[in-house]
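Step one of this worksheet: look at the structure below.
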Amino acid sequence: MTTLGRTATVVSLLAALCVPGQAVAEPQAPSAGSTPAAPQPALDLVLDGDSLSLRDAFAILEGRPVSARLAAGTRERLDSTRAGALAALKNQRVYGWNQALGPLKDRPLSPEQAVQFQRNVLRSHAAGVGEPLPDNVVRLALILKANQMARGKVGVRPEVPQRLLDLVNAGVVPRMPQIGSLGTGDLQPQAAAGLAALGEDAPVRYRGEEGPASEILPKAGLARDFVFEAGEALPIVSGSTVLAATLMDAVHRATVLADQAEGAFALFMEATRAERGSLDARTHRERHIPEQDTVAARLRAMVAGSGWMTEEGRKRLDPANYHPRVQDAVSVRAAPHIMAGLRHALADARQTLVREANSSNSNPLIFKREQGSGYEFVMGGNWDGSVMGHLADTLNAEITDVGVLSQELSGRLLSPRWSYGLPANLAGGTVGLNSGMVQVQTVAAALIPEMQARATPAGTLSRPVKDGQEDHNTMAMASVRHLHENLDRLEMVLAVQYLMSAQGIDLIAQKMSGLPLGAGTRTLLAEIRQYITPLADDRYMTPDLERAIWLVRNRHLVPSIAA
């Protein structure tokens, strides 16, 4: 599976990312004869500030072991910039170097205060609260920060990014609280990591144990104490590195759910014996949207060979009263277009995140003078995360729209008129005596208003702080947190659609005898039926739905289907 896009020859169905979400009951494991997955080899990362890829980032997010180091020549580049920065300080007052921060930017610092100031900055800024970021997101954030420092534009010694990489390589994970960042730099979460790097009492996790860094670092084979010198604390907290890592995690999750949404729609099409014309390549080519072409191609591949989605299949339920359908409802015909919107937003986000991973996004930055000799500090706003925040808002709108579509489709399956003859409520026994899946569908309906409320763009809700010094804030961290919350909800909404579509297929399978399902849809149905039996008479439904959610969240099915 690629990370910068999906090839047209592979459809990922029922894939998942093993990310934190609402707990569900875990079904029984696969059969005892299955072979455990072999341990993955460590990812060997050489950081030069210019070539970190999303493939690498996604591997880290998936939990692959990593060994990271600075590229050859990086130390010399960082030493040169550091020496130039210290020389420039003799003739320039510089924010965070010999001047204080934020609304105190006009307060000068003496050389004697420099080291204590670095420690104080991290202590005062480590004020975040709430649940910690997932360990793999933290690991990625530290690697991104080290890679950005390797560009040699922030003036730190090479020992600083190396200290961050030492934490990663040793398996030490600083505890980064999620709440507090306004997207104007990574002040709170990165300050917590900075304190851990110093060996203070900030909490870290190591091999299942959590405790203060001062106690844990020696257990991990690392020196307990480290010192940040003049100007080195600000590059730790400045920039949007944690935001980028968290958005990368959301993009990775959303990509998998985009695959799953297509699989759920293909099953729905089989259950309702949908018209195949809405997938015709000719009509999609006329729209000139590449993502729409590829979504339609994957859907065609999944239903290829289906006898259900034919005139014969549509006649089978009630041959005496059959009338040509003419065309399906908007939700069916426009589904490829809606899902293409999500793919388009994901492509934009990937492009931005690759740039972000290999950019200098701190303040100030240090450059060689274009004329004359030496280096100069340049103050600016490269820490600003507004582009990523607005991308997160856009992605949230797109995944919410996919959720709305999924809920509408599962709702159609309850109605004999809208589903073209499926039993009312998808009841498996006597309809009326059995109520079927009516309340299963309500779970999806209950989640949609929550998704819609959380899809309000936080990036439009700026408010000034810090005595007006930071008078415009991106609120990007709120945008990304809302996006992750809605990805959790979308997992459940899609699980409802999978469960109900599979039930619809099984309810009429006898009448469709002799007509095959499509190449991909029959694989999907078989996977679901390994864990969830068809509904006959009414039964306790929560376990069925929990198993479906577990399948969406944790299973990995990647049939090789030519699209």
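Residues in the structure tokens are numbered from 1 in each chain, the chains being A, B, ... in the order shown, and ligands are numbered from 1 in the order shown.
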
Would you list the contacts of Arg529 of chain A as a list in words, taking every protein, DNA or RNA residue within 10 Å and counting only C-alpha atoms, but skipping same-chain residues closer than 4 positions in sequence?
->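 Contacts, with the query itself left out: Leu499, Ala502, Gln503, Thr523, Leu524, Leu525, Thr533 and Pro534 of chain A.
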
Select from segment 248-404 of chain A everything DSSP, run on the backbone, classes as helix (DSSP H, G or I), then give the selection as a VMD selection string.
-> chain A and resid 248 to 271 276 to 279 281 to 285 290 to 302 311 to 315 319 to 321 330 to 333 335 to 357 386 to 404

Just the residues within 8 Å of Val378 of chain A, please, counting only C-alpha atoms, with nothing from its chain fewer than 5 positions along; format it as an NGL selection string.
-> :A and (363-367)

What does the distance between atom CA of Leu165 of chain A and atom CA of Gly183 of chain A come to in Å, to one decimal place?
->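 Computing it gives 23.8 Å between the two atoms.
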
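Minimum atom-to-atom distance to Gly305 of chain A, evaluated using only C-alpha atoms, belongs to A:Leu515 out of A:Val402, A:Ala254, A:Leu515, A:Ala397.
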
Contacts of Leu299 of chain A within 8 Å, only C-alpha atoms, excl. fewer than 6 positions in-chain, as a list in words =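 Result of the neighbour search: Glu262, Gly263, Ala266, Leu279 and Ala563 of chain A.
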
Report the residues of segment 191-427 of chain A whose backbone DSSP state falls under strand (DSSP E), written as a list of chain:residue names.
->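 Selection result, strand (DSSP E) within segment 191-427 of chain A: A:Pro203, A:Val204, A:Arg205, A:Tyr206, A:Glu209, A:Glu210, A:Gly211, A:Pro212, A:Leu365, A:Ile366, A:Phe367, A:Lys368, A:Tyr375, A:Glu376, A:Phe377, A:Val378.
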
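Shortest separation to Leu70 of chain A among A:Lys90, A:His125, A:Arg522, A:Arg163 occurs at residue A:Arg163, atoms counted being only C-alpha atoms.
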
Fewer than 2 positions away in the same chain doesn't count, so skip those; otherwise give me all residues within 10 Å of Asp544 of chain A, counting only C-alpha atoms, as a VMD selection string.
-> chain A and resid 25 27 440 495 to 496 499 531 to 535 539 to 542 546 to 550

When you draw a straight line from atom CA of Leu551 of chain A to atom CA of Asp401 of chain A, how long is it in Å?
->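 Interatomic distance, atom CA of Leu551 of chain A to atom CA of Asp401 of chain A: 21.9 Å.
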
Contact residues around Pro290 of chain A with only C-alpha atoms at 12 Å, ignoring same-chain residues under 5 positions, as a list of chain:residue names |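 In the requested format, the answer is A:Ala8, A:Ala281, A:His284, A:Arg285, A:Val295, A:Ala296, A:Ala297, A:Pro336, A:His337, A:Ala340, A:Gly341, A:Arg343, A:His344, A:Ala347.
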
Which residue of A:Val493, A:Gly518, A:Gly429, A:Thr456 approaches Ala536 of chain A most closely, using only C-alpha atoms = A:Gly429

Got a sec: who's within 10 Å of segment 195-209 of chain A, counting only C-alpha atoms, leaving out chain neighbours fewer than 5 positions off, as a ChimeraX atom specification?
-> /A:118-123,125-126,135,160,163-164,166-167,170-176,190,214-220,222-228,233

Find, counting only C-alpha atoms, the residue in A:Ser53, A:Ser238, A:Ser415, A:Ser513 that gets nearest to Trp308 of chain A.
->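 That would be A:Ser513, the residue with the smallest distance to Trp308 of chain A.
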